[in-house]
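Source file: structure-v6.txt; contents: compact mmCIF, C-alpha atoms and all ligand atoms.
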```txt
# COMPACT_ATOMS: atom_id res chain seq x y z
CA MET L 1 239.77 35.44 62.27
CA THR L 2 239.22 34.51 58.61
CA SER L 3 237.14 36.31 56.00
CA ASP L 4 234.23 34.92 53.92
CA ALA L 5 233.08 36.19 50.49
CA GLN L 6 232.89 39.94 50.34
CA THR L 7 232.03 42.87 48.08
CA ARG L 8 234.53 45.70 47.73
CA ILE L 9 233.44 49.20 46.73
CA THR L 10 236.20 51.74 46.22
CA VAL L 11 235.60 55.37 47.15
CA ASP L 12 237.76 57.53 44.90
CA GLY L 13 239.96 60.19 46.42
CA SER L 14 238.64 63.74 45.95
CA ALA L 15 239.79 67.17 47.19
CA GLY L 16 243.25 65.73 47.86
CA SER L 17 242.05 62.76 49.92
CA ASP L 18 243.19 59.16 49.41
CA PRO L 19 240.90 56.48 47.95
CA TYR L 20 239.69 53.75 50.30
CA ASP L 21 237.62 50.59 50.19
CA VAL L 22 234.29 49.71 51.74
CA LEU L 23 234.09 45.95 52.36
CA ILE L 24 230.69 44.29 52.77
CA GLY L 25 230.35 40.71 53.93
CA ARG L 26 230.64 38.56 57.03
CA ARG L 27 233.53 37.76 59.35
CA LEU L 28 235.41 40.83 58.12
CA LEU L 29 237.22 41.72 61.32
CA GLY L 30 240.24 39.70 60.20
CA GLU L 31 240.81 42.55 57.71
CA LEU L 32 241.43 45.04 60.51
CA PRO L 33 245.17 44.51 61.18
CA GLY L 34 245.89 44.78 57.44
CA LEU L 35 244.08 48.12 57.33
CA ILE L 36 245.73 49.42 60.48
CA GLY L 37 249.13 48.57 59.04
CA THR L 38 252.54 48.17 60.55
CA SER L 39 253.34 51.85 61.19
CA ALA L 40 250.87 51.99 64.06
CA ARG L 41 251.88 50.92 67.53
CA ARG L 42 248.68 51.96 69.35
CA VAL L 43 245.05 51.43 68.42
CA ALA L 44 242.04 52.97 70.20
CA VAL L 45 238.72 51.16 69.74
CA LEU L 46 235.85 53.62 70.30
CA HIS L 47 232.52 51.84 70.86
CA PRO L 48 229.12 52.60 72.40
CA GLU L 49 227.93 51.12 75.67
CA ALA L 50 225.58 48.77 73.75
CA LEU L 51 228.61 47.16 72.10
CA ALA L 52 230.80 46.80 75.20
CA GLU L 53 231.43 43.12 74.50
CA THR L 54 232.28 43.69 70.80
CA GLY L 55 234.61 46.54 71.76
CA GLU L 56 236.46 44.36 74.25
CA VAL L 57 236.73 41.42 71.80
CA LEU L 58 238.18 43.75 69.18
CA ARG L 59 240.61 45.27 71.66
CA ALA L 60 241.79 41.82 72.78
CA ASP L 61 242.20 40.62 69.16
CA LEU L 62 244.27 43.69 68.32
CA ALA L 63 246.38 43.20 71.43
CA ASP L 64 246.95 39.59 70.32
CA SER L 65 248.06 40.97 66.94
CA GLY L 66 250.77 42.96 68.72
CA TYR L 67 249.24 46.44 69.09
CA GLU L 68 248.94 48.41 72.32
CA ALA L 69 245.14 48.46 72.15
CA ILE L 70 242.76 50.44 74.34
CA ALA L 71 238.97 50.40 74.32
CA VAL L 72 237.12 53.68 74.95
CA GLN L 73 233.45 53.30 75.83
CA LEU L 74 231.07 56.03 74.65
CA PRO L 75 227.43 56.73 75.54
CA ASN L 76 224.88 55.20 73.17
CA ALA L 77 223.45 57.08 70.21
CA GLU L 78 223.32 60.89 69.98
CA GLU L 79 224.57 61.38 73.55
CA SER L 80 228.04 60.56 72.27
CA LYS L 81 228.10 63.42 69.74
CA THR L 82 229.09 66.15 72.19
CA ALA L 83 232.16 68.26 72.87
CA GLU L 84 232.37 66.65 76.34
CA VAL L 85 232.59 63.13 74.93
CA ALA L 86 235.16 64.26 72.35
CA ALA L 87 237.23 65.78 75.19
CA TYR L 88 236.95 62.50 77.13
CA CYS L 89 238.38 60.67 74.09
CA TRP L 90 241.21 63.22 73.66
CA LYS L 91 242.13 62.60 77.30
CA ALA L 92 242.22 58.82 76.76
CA LEU L 93 244.43 59.27 73.68
CA GLY L 94 246.74 61.68 75.51
CA GLN L 95 247.09 59.33 78.46
CA SER L 96 247.98 56.41 76.19
CA GLY L 97 250.64 58.42 74.32
CA PHE L 98 248.77 58.27 71.01
CA THR L 99 250.98 59.56 68.15
CA ARG L 100 250.41 60.55 64.53
CA THR L 101 251.10 57.03 63.27
CA ASP L 102 248.54 55.43 65.60
CA VAL L 103 245.02 54.51 64.53
CA ILE L 104 241.44 54.98 65.80
CA VAL L 105 238.79 52.34 65.12
CA GLY L 106 235.14 53.44 65.46
CA VAL L 107 232.83 50.46 65.92
CA GLY L 108 229.13 51.23 66.24
CA GLY L 109 226.29 53.14 64.62
CA GLY L 110 226.45 56.46 62.83
CA ALA L 111 226.68 58.43 66.06
CA THR L 112 229.78 56.46 67.08
CA THR L 113 231.52 56.72 63.71
CA ASP L 114 230.69 60.47 63.48
CA LEU L 115 232.33 60.97 66.89
CA ALA L 116 235.26 58.60 66.27
CA GLY L 117 235.98 60.26 62.93
CA PHE L 118 235.80 63.69 64.55
CA VAL L 119 238.23 62.65 67.29
CA ALA L 120 240.54 61.26 64.58
CA ALA L 121 240.26 64.50 62.58
CA THR L 122 241.16 66.66 65.56
CA TRP L 123 243.74 64.61 67.47
CA LEU L 124 247.20 65.94 66.52
CA ARG L 125 245.34 67.65 63.60
CA GLY L 126 244.46 64.32 62.04
CA VAL L 127 245.25 60.64 62.50
CA ARG L 128 244.11 57.62 60.49
CA TRP L 129 240.82 56.00 61.40
CA ILE L 130 238.82 52.97 60.35
CA ALA L 131 235.03 52.69 60.48
CA VAL L 132 233.33 49.46 61.51
CA PRO L 133 229.62 50.36 61.18
CA THR L 134 227.22 48.08 63.04
CA THR L 135 223.87 49.60 62.01
CA VAL L 136 222.17 49.70 58.62
CA LEU L 137 222.38 53.48 58.65
CA GLY L 138 226.05 53.42 59.54
CA MET L 139 226.86 51.01 56.72
CA VAL L 140 224.90 52.71 53.94
CA ASP L 141 225.62 56.29 54.89
CA ALA L 142 227.39 57.53 58.03
CA ALA L 143 230.61 55.49 57.85
CA VAL L 144 231.24 56.31 54.19
CA GLY L 145 232.34 59.73 52.99
CA GLY L 146 234.32 61.28 55.81
CA LYS L 147 231.72 63.70 57.19
CA THR L 148 232.54 63.63 60.89
CA GLY L 149 231.16 65.77 63.67
CA ILE L 150 229.28 66.56 66.83
CA ASN L 151 226.16 68.52 67.79
CA THR L 152 226.00 71.78 69.73
CA ALA L 153 223.16 73.31 71.74
CA GLU L 154 222.21 75.26 68.60
CA GLY L 155 221.86 72.30 66.30
CA LYS L 156 222.86 69.07 64.68
CA ASN L 157 226.37 68.41 63.32
CA LEU L 158 227.31 72.08 63.63
CA VAL L 159 230.96 71.31 64.44
CA GLY L 160 232.95 68.85 62.38
CA ALA L 161 235.51 68.11 59.72
CA PHE L 162 235.80 66.26 56.44
CA HIS L 163 238.17 63.43 57.35
CA PRO L 164 237.70 60.22 55.34
CA PRO L 165 238.44 56.86 56.95
CA ALA L 166 241.25 54.61 55.72
CA GLY L 167 238.72 51.83 55.24
CA VAL L 168 235.18 50.74 56.13
CA LEU L 169 234.24 47.22 57.22
CA CYS L 170 230.51 46.42 56.97
CA ASP L 171 230.08 43.08 58.71
CA LEU L 172 226.46 42.15 58.02
CA ALA L 173 226.41 39.79 61.02
CA ALA L 174 226.37 42.87 63.28
CA LEU L 175 222.83 43.63 62.11
CA ASP L 176 221.42 40.52 63.79
CA SER L 177 221.50 42.21 67.21
CA LEU L 178 220.12 45.56 66.04
CA PRO L 179 216.69 46.46 67.51
CA VAL L 180 214.05 46.65 64.76
CA HIS L 181 213.47 50.35 65.51
CA ASP L 182 217.10 51.07 64.63
CA TYR L 183 217.09 48.72 61.65
CA VAL L 184 214.07 50.52 60.17
CA SER L 185 215.63 53.93 60.82
CA GLY L 186 218.45 52.93 58.46
CA LEU L 187 215.92 52.14 55.74
CA ALA L 188 215.17 55.86 55.48
CA GLU L 189 218.67 56.55 54.13
CA ILE L 190 218.39 53.52 51.82
CA ILE L 191 215.10 54.87 50.46
CA LYS L 192 216.75 58.30 50.15
CA ALA L 193 219.41 56.74 47.90
CA GLY L 194 216.55 55.25 45.87
CA PHE L 195 214.81 58.57 45.32
CA ILE L 196 217.90 60.63 44.56
CA ALA L 197 219.83 58.17 42.40
CA ASP L 198 218.85 54.48 42.19
CA PRO L 199 215.12 53.73 41.78
CA ALA L 200 215.84 49.96 41.71
CA ILE L 201 216.22 50.33 45.48
CA LEU L 202 212.61 51.53 45.73
CA GLU L 203 211.39 48.57 43.67
CA LEU L 204 213.21 46.11 45.94
CA VAL L 205 211.64 47.64 49.05
CA GLU L 206 208.17 47.89 47.48
CA ARG L 207 208.29 44.24 46.40
CA ASP L 208 208.27 43.09 50.03
CA PRO L 209 208.31 45.87 52.63
CA ALA L 210 208.01 43.43 55.55
CA ALA L 211 211.14 41.58 54.40
CA ALA L 212 213.01 44.87 54.02
CA ARG L 213 212.54 45.42 57.77
CA THR L 214 214.76 42.49 58.79
CA PRO L 215 218.35 41.43 58.16
CA GLU L 216 217.01 38.04 56.96
CA GLY L 217 215.16 39.68 54.04
CA PRO L 218 216.20 38.34 50.60
CA HIS L 219 217.42 41.73 49.40
CA THR L 220 219.32 42.95 52.47
CA ALA L 221 222.81 42.73 50.96
CA GLU L 222 221.68 44.19 47.63
CA LEU L 223 219.92 47.13 49.30
CA ILE L 224 223.00 47.87 51.37
CA GLU L 225 225.40 47.53 48.44
CA ARG L 226 223.30 49.66 46.09
CA SER L 227 223.03 52.41 48.70
CA ILE L 228 226.77 52.35 49.40
CA ARG L 229 227.45 52.62 45.65
CA VAL L 230 225.28 55.75 45.48
CA LYS L 231 227.10 57.31 48.42
CA ALA L 232 230.56 56.23 47.20
CA HIS L 233 229.94 57.72 43.78
CA VAL L 234 228.85 61.07 45.21
CA VAL L 235 231.51 61.51 47.89
CA GLY L 236 234.20 60.15 45.57
CA SER L 237 233.68 63.14 43.32
CA ASP L 238 232.78 65.83 45.87
CA LEU L 239 234.23 65.17 49.32
CA LYS L 240 233.77 68.69 50.65
CA GLU L 241 230.21 69.30 49.44
CA ALA L 242 231.15 71.91 46.86
CA GLY L 243 228.12 70.87 44.80
CA LEU L 244 226.95 67.33 43.99
CA ARG L 245 227.27 66.08 47.59
CA GLU L 246 224.38 68.32 48.64
CA ILE L 247 221.98 65.75 47.14
CA LEU L 248 222.75 63.42 50.07
CA ASN L 249 221.05 66.02 52.24
CA TYR L 250 217.66 65.22 50.68
CA GLY L 251 215.07 65.45 53.50
CA HIS L 252 217.68 66.59 56.01
CA THR L 253 216.87 70.31 56.30
CA LEU L 254 213.65 69.59 58.15
CA ALA L 255 214.96 66.32 59.66
CA HIS L 256 217.74 68.00 61.62
CA ALA L 257 215.29 70.59 62.96
CA ILE L 258 212.96 67.79 64.12
CA GLU L 259 215.83 65.94 65.80
CA LYS L 260 216.87 69.05 67.69
CA ASN L 261 213.26 69.82 68.62
CA GLU L 262 212.90 66.29 70.00
CA ARG L 263 216.17 66.63 71.95
CA TYR L 264 217.54 63.77 69.84
CA ASN L 265 215.00 61.28 71.16
CA TRP L 266 213.92 60.62 67.58
CA ARG L 267 216.26 58.47 65.51
CA HIS L 268 217.91 60.27 62.61
CA GLY L 269 216.28 57.99 60.01
CA ALA L 270 212.79 58.61 61.40
CA ALA L 271 213.32 62.37 61.10
CA VAL L 272 214.76 61.98 57.59
CA SER L 273 211.62 60.05 56.62
CA VAL L 274 209.35 62.97 57.57
CA GLY L 275 211.86 65.37 56.01
CA MET L 276 211.72 63.56 52.66
CA VAL L 277 207.92 63.67 52.57
CA PHE L 278 208.18 67.41 53.27
CA ALA L 279 210.79 67.87 50.50
CA ALA L 280 208.63 65.89 48.08
CA GLU L 281 205.62 68.09 48.86
CA LEU L 282 207.78 71.18 48.44
CA GLY L 283 208.88 69.90 45.03
CA ARG L 284 205.29 69.20 44.06
CA ILE L 285 204.06 72.61 45.24
CA ALA L 286 206.92 74.32 43.39
CA GLY L 287 205.69 72.61 40.22
CA ARG L 288 208.86 70.55 39.89
CA LEU L 289 207.83 67.05 41.00
CA ASP L 290 205.06 64.92 39.49
CA ASP L 291 202.23 63.68 41.73
CA ALA L 292 203.09 59.98 41.35
CA THR L 293 206.68 60.38 42.58
CA ALA L 294 205.61 62.69 45.40
CA ASP L 295 202.94 60.20 46.55
CA ARG L 296 205.42 57.33 46.29
CA HIS L 297 207.42 58.85 49.15
CA ARG L 298 204.63 58.53 51.69
CA ALA L 299 203.68 55.06 50.45
CA VAL L 300 207.12 53.45 50.53
CA LEU L 301 208.19 55.06 53.81
CA GLU L 302 204.94 54.09 55.57
CA SER L 303 205.15 50.57 54.17
CA VAL L 304 208.32 49.87 56.18
CA GLY L 305 206.96 51.57 59.31
CA LEU L 306 208.69 54.95 59.11
CA PRO L 307 206.85 58.11 60.26
CA VAL L 308 205.55 60.55 57.65
CA THR L 309 204.02 63.23 59.90
CA TYR L 310 205.17 65.49 62.73
CA ARG L 311 203.47 67.69 65.37
CA GLY L 312 201.81 70.57 63.55
CA ASP L 313 202.23 73.11 66.36
CA GLN L 314 206.03 73.19 66.15
CA TRP L 315 206.46 74.92 62.77
CA PRO L 316 207.83 78.31 63.99
CA LYS L 317 210.58 76.54 65.97
CA LEU L 318 211.43 74.22 63.09
CA LEU L 319 211.65 77.16 60.68
CA GLU L 320 214.00 79.01 63.04
CA THR L 321 216.31 75.96 63.34
CA MET L 322 216.31 75.37 59.59
CA LYS L 323 217.91 78.80 59.12
CA VAL L 324 221.23 77.47 60.54
CA ASP L 325 221.21 74.48 58.18
CA LYS L 326 224.60 74.19 56.49
CA LYS L 327 223.09 74.60 53.05
CA SER L 328 221.75 78.08 53.91
CA ARG L 329 223.60 81.04 52.40
CA GLY L 330 223.06 84.27 54.31
CA ASP L 331 219.31 84.58 54.80
CA LEU L 332 218.59 82.21 51.93
CA LEU L 333 217.13 78.82 52.84
CA ARG L 334 218.12 76.09 50.38
CA PHE L 335 216.44 72.68 50.00
CA ILE L 336 217.22 69.60 47.96
CA VAL L 337 214.11 68.72 45.95
CA LEU L 338 213.44 66.36 43.05
CA ASP L 339 212.70 67.48 39.51
CA GLY L 340 211.65 63.87 38.93
CA LEU L 341 212.70 60.42 40.09
CA ALA L 342 216.50 60.35 40.55
CA ARG L 343 216.75 63.99 39.44
CA PRO L 344 217.78 65.90 42.58
CA ALA L 345 218.27 69.65 42.40
CA VAL L 346 218.47 72.70 44.65
CA LEU L 347 215.46 74.89 45.46
CA GLU L 348 216.72 78.27 46.69
CA GLY L 349 214.77 80.71 48.83
CA PRO L 350 211.30 79.21 48.47
CA ASP L 351 208.38 81.51 49.18
CA PRO L 352 207.36 81.19 52.88
CA ALA L 353 203.82 80.35 51.70
CA MET L 354 205.21 77.33 49.83
CA LEU L 355 207.02 76.14 52.93
CA LEU L 356 203.85 76.52 54.96
CA ALA L 357 201.82 74.59 52.39
CA ALA L 358 204.38 71.76 52.35
CA HIS L 359 204.35 71.75 56.14
CA ALA L 360 200.55 71.41 56.16
CA GLU L 361 200.99 68.10 54.29
CA ILE L 362 203.15 66.59 57.04
CA ALA L 363 201.48 68.21 60.07
CA ALA L 364 199.89 65.69 62.41
N1 LIG M 1 228.52 61.26 58.65
C1 LIG M 1 227.52 61.02 57.83
O1 LIG M 1 227.65 61.13 56.59
C2 LIG M 1 226.20 60.59 58.38
C3 LIG M 1 225.24 60.05 57.52
C4 LIG M 1 224.03 59.65 58.06
C5 LIG M 1 223.80 59.75 59.43
N2 LIG M 1 224.78 60.24 60.24
C6 LIG M 1 224.59 60.29 61.70
O2 LIG M 1 224.43 58.95 62.17
C7 LIG M 1 223.70 58.99 63.41
C8 LIG M 1 222.63 57.93 63.40
O3 LIG M 1 223.26 56.67 63.27
P1 LIG M 1 222.49 55.31 63.61
O4 LIG M 1 221.14 55.33 63.02
O5 LIG M 1 223.42 54.24 63.25
O6 LIG M 1 222.23 55.40 65.15
P2 LIG M 1 223.18 55.28 66.44
O7 LIG M 1 224.60 55.35 66.14
O8 LIG M 1 222.62 56.29 67.38
O9 LIG M 1 222.84 53.81 66.95
C9 LIG M 1 221.56 53.49 67.39
C10 LIG M 1 221.61 52.63 68.67
O10 LIG M 1 222.00 51.31 68.32
C11 LIG M 1 223.10 50.88 69.14
N3 LIG M 1 223.80 49.90 68.31
C12 LIG M 1 224.68 50.14 67.30
N4 LIG M 1 224.98 48.99 66.68
C13 LIG M 1 224.30 48.02 67.30
C14 LIG M 1 224.19 46.62 67.08
N5 LIG M 1 224.82 46.01 66.07
N6 LIG M 1 223.40 45.90 67.91
C15 LIG M 1 222.70 46.52 68.91
N7 LIG M 1 222.75 47.85 69.15
C16 LIG M 1 223.54 48.59 68.34
C17 LIG M 1 223.81 52.16 69.47
O11 LIG M 1 224.62 52.03 70.61
C18 LIG M 1 222.63 53.11 69.69
O12 LIG M 1 222.10 52.97 70.97
C19 LIG M 1 223.15 60.39 63.52
O13 LIG M 1 223.91 61.09 64.46
C20 LIG M 1 223.33 60.98 62.15
O14 LIG M 1 223.47 62.37 62.18
C21 LIG M 1 225.96 60.66 59.74
O1 LIG M 2 227.16 62.54 53.54
C1 LIG M 2 226.48 63.55 53.37
O2 LIG M 2 226.91 64.52 52.77
C2 LIG M 2 225.10 63.63 53.89
O3 LIG M 2 224.49 64.68 53.84
C3 LIG M 2 224.52 62.36 54.43
C4 LIG M 2 223.44 62.58 55.46
O4 LIG M 2 222.63 61.40 55.44
C5 LIG M 2 223.97 62.74 56.88
O5 LIG M 2 222.91 62.71 57.80
C6 LIG M 2 224.90 63.88 57.16
O6 LIG M 2 225.49 63.75 58.43
C7 LIG M 2 224.22 65.22 57.14
O7 LIG M 2 225.21 66.16 57.09
P1 LIG M 2 225.04 67.70 57.44
O8 LIG M 2 226.18 68.32 56.74
O9 LIG M 2 223.70 68.13 56.93
O10 LIG M 2 225.12 67.82 58.91
ZN ZN M 3 221.34 61.36 57.13
```
Represent the structure of the file as structure tokens.
Amino acid sequence: MTSDAQTRITVDGSAGSDPYDVLIGRRLLGELPGLIGTSARRVAVLHPEALAETGEVLRADLADSGYEAIAVQLPNAEESKTAEVAAYCWKALGQSGFTRTDVIVGVGGGATTDLAGFVAATWLRGVRWIAVPTTVLGMVDAAVGGKTGINTAEGKNLVGAFHPPAGVLCDLAALDSLPVHDYVSGLAEIIKAGFIADPAILELVERDPAAARTPEGPHTAELIERSIRVKAHVVGSDLKEAGLREILNYGHTLAHAIEKNERYNWRHGAAVSVGMVFAAELGRIAGRLDDATADRHRAVLESVGLPVTYRGDQWPKLLETMKVDKKSRGDLLRFIVLDGLARPAVLEGPDPAMLLAAHAEIAA
């Protein structure tokens, strides 16, 4: 296992956490033993069913490197983010005698790294973990920043911990096997990074939306790197979401309600796409966002094939779910909106009529 050229983005330590690196390139798995280190004796590779072969190859490589390596297979996608699956992993760790110096590797999409990170945060009150994201969304967002967690019957990501990884390996070759539906879902978080912080991202997508939909596109690496830099900057200064980090939740208040309403059969990125159009309309209606930037949301998201509308008859249920969003304070709903391109801000307690008007703009 040798490594080719790679980009390294360092995430600064914040709130007492250690700094770590995100590596982006190809053939990066040779970096894994160096990250795991020599204090560990056991390594658990958590992977989804779709990556059974990758999980086994990794396990075998780590065993060849001298670790006692186990592979733990998880259900695909959101089905893995449950208390039952976490308990299944705790049992596997317990049975293998996993100690505080041992290491968890999460290889998969955002659902897998959210679960793997959560298991690492909770096992023995916290062991080291390494993220190996294999989806666009995992690379640009989920694997970076240490937000780990699972869903409950009441909503998305309601149980979790801030527990940053010791390193993140983004091997771009993994994207070649990703279904286009999942690839495009990740573009929503890339476009989010464009609207909240780095408009050059939007220009790259707008230049050739069809190319942006495939890993062969000329700007794939740049889009991924730019988005990771946005995320790394934010979480490097506000790990625990005391303030700035809330901007990464742009579009998510409605998105999480849609995901729950669809019993997680919608991909996260698809829901975030609709949620961002809603947030843009809310900003426009509140008199904070100019028409051109608001309209740009619908245009760029549609151009890559992301949804921009949702069933109009579901509003009362969505509103109820949004009340348990983590940004809410007491009875006060809080949304991230834009005061302009790359100028995210908080909108607190919007008038219900405003919410309804913004909803009318996304209602199918
Ligand atoms: N922690 C965070 O900061 C953060 C940020 C953004 C999103 N998320 C979470 O991430 C999750 C969404 O992640 P996602 O979009 O990566 O979806 P996902 O993890 O559900 O993966 C989508 C599907 O692709 C499969 N898959 C993964 N890699 C593959 C590959 N290389 N080839 C073929 N199939 C592959 C998975 O098994 C799954 O079936 C959501 O749960 C969301 O809440 C977390
Ligand atoms: O890292 C963050 O902070 C984010 O908000 C990134 C989001 O894209 C991500 O979906 C996150 O999991 C949402 O977190 P939550 O706290 O709203 O559950
Ligand atoms: Zn997200």
Test item: residues no farther than 8 Å from ligand ZN 3 (chain M), counting all atoms listed in the file, as a PDB file with C-alpha atoms, in the frame of the given file:
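Done, and the output landed in result16.pdb:
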```pdb
ATOM      1  CA  ASP L 141     225.620  56.290  54.890  1.00  0.00           C
ATOM      2  CA  ALA L 142     227.390  57.530  58.030  1.00  0.00           C
ATOM      3  CA  GLU L 189     218.670  56.550  54.130  1.00  0.00           C
ATOM      4  CA  LEU L 248     222.750  63.420  50.070  1.00  0.00           C
ATOM      5  CA  ASN L 249     221.050  66.020  52.240  1.00  0.00           C
ATOM      6  CA  HIS L 252     217.680  66.590  56.010  1.00  0.00           C
ATOM      7  CA  HIS L 268     217.910  60.270  62.610  1.00  0.00           C
ATOM      8  CA  GLY L 269     216.280  57.990  60.010  1.00  0.00           C
ATOM      9  CA  VAL L 272     214.760  61.980  57.590  1.00  0.00           C
TER      10      VAL L 272
END
```
Checklist entry - Which residue gives the smallest distance to ligand LIG 1 (chain M) among L:Ala200, L:Leu301, L:Leu74, L:Ala358, with only C-alpha atoms and all ligand atoms counted? => result L:Leu74
Checklist entry - Contacts of L:Ala173 at 9 Å or less, counting all atoms listed in the file, minus same-chain residues fewer than 4 places along, as an MDAnalysis selection string? => result chainID L and resid 25:27 134 177 215
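With atom CA of L:Met354 on one side and atom CA of L:Gly283 on the other, the separation reads 9.6 Å.
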Checklist outcome for this item: In Å and to one decimal, atom CA of L:Val205 is distant from atom CA of L:Ser273 by 14.5 Å
Checklist entry - Neighbours of ligand LIG 2 (chain M) within 10 Å, counting all atoms listed in the file, as a ChimeraX atom specification? => result /L:110-111,114,137-138,140-151,155-162,186,188-190,192-193,231-232,234-235,238-241,244-253,255-256,268-269,272,325-327
Axis-aligned box for all listed atoms of ligand LIG 1 (chain M), 6 Å per side, centre and edges in Å to one decimal, as JSON:
```
{"center_x": 224.8, "center_y": 54.1, "center_z": 63.8, "size_x": 19.4, "size_y": 28.5, "size_z": 26.4}
```
Checklist entry - Hey, which of L:Val45, L:Leu318, L:Met276, L:Leu175 ends up closest to L:Ile70? Count only C-alpha atoms. => result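 The shortest atom-to-atom distance to L:Ile70 comes from L:Val45.
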Checklist entry - At what distance in Å, to one decimal, does atom CA of L:Ser303 lie from atom CA of L:Pro133? => result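 Atom CA of L:Ser303 lies at a distance of 25.5 Å from atom CA of L:Pro133.
Proximity of L:Phe98, L:Glu259, L:Val57, L:Trp129 to L:Ala153, computed with only C-alpha atoms, is greatest for L:Glu259.
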Just the residues within 9 Å of L:Leu58, please, counting all atoms listed in the file, with nothing from its chain fewer than 2 positions along; format it as a short mmCIF file (atom, residue, chain, number, x, y, z; two decimals) with C-alpha atoms, keeping the file's coordinate frame.
```cif
data_model
loop_
_atom_site.label_atom_id
_atom_site.label_comp_id
_atom_site.auth_asym_id
_atom_site.auth_seq_id
_atom_site.Cartn_x
_atom_site.Cartn_y
_atom_site.Cartn_z
CA LEU L 29 237.22 41.72 61.32
CA VAL L 45 238.72 51.16 69.74
CA GLU L 53 231.43 43.12 74.50
CA THR L 54 232.28 43.69 70.80
CA GLY L 55 234.61 46.54 71.76
CA GLU L 56 236.46 44.36 74.25
CA ALA L 60 241.79 41.82 72.78
CA ASP L 61 242.20 40.62 69.16
CA LEU L 62 244.27 43.69 68.32
CA ALA L 63 246.38 43.20 71.43
CA ALA L 69 245.14 48.46 72.15
CA ALA L 71 238.97 50.40 74.32
#
```
May I have the residues within 9 Å of stretch 75-89 of chain L as a PDB file with C-alpha atoms, in the coordinates of the input, using all atoms listed in the file and disregarding those fewer than 3 positions away in the same chain?
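Heads up, here's the output in part36.pdb:
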```pdb
ATOM      1  CA  LEU L  46     235.850  53.620  70.300  1.00  0.00           C
ATOM      2  CA  HIS L  47     232.520  51.840  70.860  1.00  0.00           C
ATOM      3  CA  PRO L  48     229.120  52.600  72.400  1.00  0.00           C
ATOM      4  CA  GLU L  49     227.930  51.120  75.670  1.00  0.00           C
ATOM      5  CA  ALA L  50     225.580  48.770  73.750  1.00  0.00           C
ATOM      6  CA  LEU L  51     228.610  47.160  72.100  1.00  0.00           C
ATOM      7  CA  VAL L  72     237.120  53.680  74.950  1.00  0.00           C
ATOM      8  CA  ALA L  92     242.220  58.820  76.760  1.00  0.00           C
ATOM      9  CA  LEU L  93     244.430  59.270  73.680  1.00  0.00           C
ATOM     10  CA  GLY L  94     246.740  61.680  75.510  1.00  0.00           C
ATOM     11  CA  GLY L 109     226.290  53.140  64.620  1.00  0.00           C
ATOM     12  CA  GLY L 110     226.450  56.460  62.830  1.00  0.00           C
ATOM     13  CA  ALA L 111     226.680  58.430  66.060  1.00  0.00           C
ATOM     14  CA  THR L 112     229.780  56.460  67.080  1.00  0.00           C
ATOM     15  CA  ASP L 114     230.690  60.470  63.480  1.00  0.00           C
ATOM     16  CA  LEU L 115     232.330  60.970  66.890  1.00  0.00           C
ATOM     17  CA  ALA L 116     235.260  58.600  66.270  1.00  0.00           C
ATOM     18  CA  PHE L 118     235.800  63.690  64.550  1.00  0.00           C
ATOM     19  CA  VAL L 119     238.230  62.650  67.290  1.00  0.00           C
ATOM     20  CA  GLY L 149     231.160  65.770  63.670  1.00  0.00           C
ATOM     21  CA  ILE L 150     229.280  66.560  66.830  1.00  0.00           C
ATOM     22  CA  ASN L 151     226.160  68.520  67.790  1.00  0.00           C
ATOM     23  CA  THR L 152     226.000  71.780  69.730  1.00  0.00           C
ATOM     24  CA  ASN L 157     226.370  68.410  63.320  1.00  0.00           C
ATOM     25  CA  TYR L 264     217.540  63.770  69.840  1.00  0.00           C
ATOM     26  CA  ASN L 265     215.000  61.280  71.160  1.00  0.00           C
ATOM     27  CA  ARG L 267     216.260  58.470  65.510  1.00  0.00           C
TER      28      ARG L 267
END
```
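Comparing L:Leu333, L:Val230, L:Val274, L:Leu35 by their smallest distance to L:Val346, the closest is L:Leu333 (using only C-alpha atoms).
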Checklist entry - Between L:Glu154, L:Gln95, L:Gly167, L:Leu187, which has the minimum distance to ligand LIG 1 (chain M) (counting all atoms listed in the file)? => result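 For ligand LIG 1 (chain M), the nearest of the candidates is L:Leu187.
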Take stretch 6-10 of chain L, model N, CA, C and O atoms, and hand the result over as a compact mmCIF listing (two decimals), keeping the file's coordinate frame.
```
# COMPACT_ATOMS: atom_id res chain seq x y z
N GLN L 6 233.17 38.54 50.04
CA GLN L 6 232.89 39.94 50.34
C GLN L 6 232.80 40.77 49.06
O GLN L 6 233.33 40.38 48.02
N THR L 7 232.11 41.90 49.19
CA THR L 7 232.03 42.87 48.08
C THR L 7 232.92 44.05 48.46
O THR L 7 232.92 44.47 49.62
N ARG L 8 233.62 44.56 47.48
CA ARG L 8 234.53 45.70 47.73
C ARG L 8 234.09 46.88 46.85
O ARG L 8 233.97 46.74 45.64
N ILE L 9 233.81 47.99 47.48
CA ILE L 9 233.44 49.20 46.73
C ILE L 9 234.49 50.26 47.04
O ILE L 9 234.72 50.59 48.20
N THR L 10 235.14 50.75 46.00
CA THR L 10 236.20 51.74 46.22
C THR L 10 235.63 53.16 46.15
O THR L 10 234.87 53.49 45.25
```
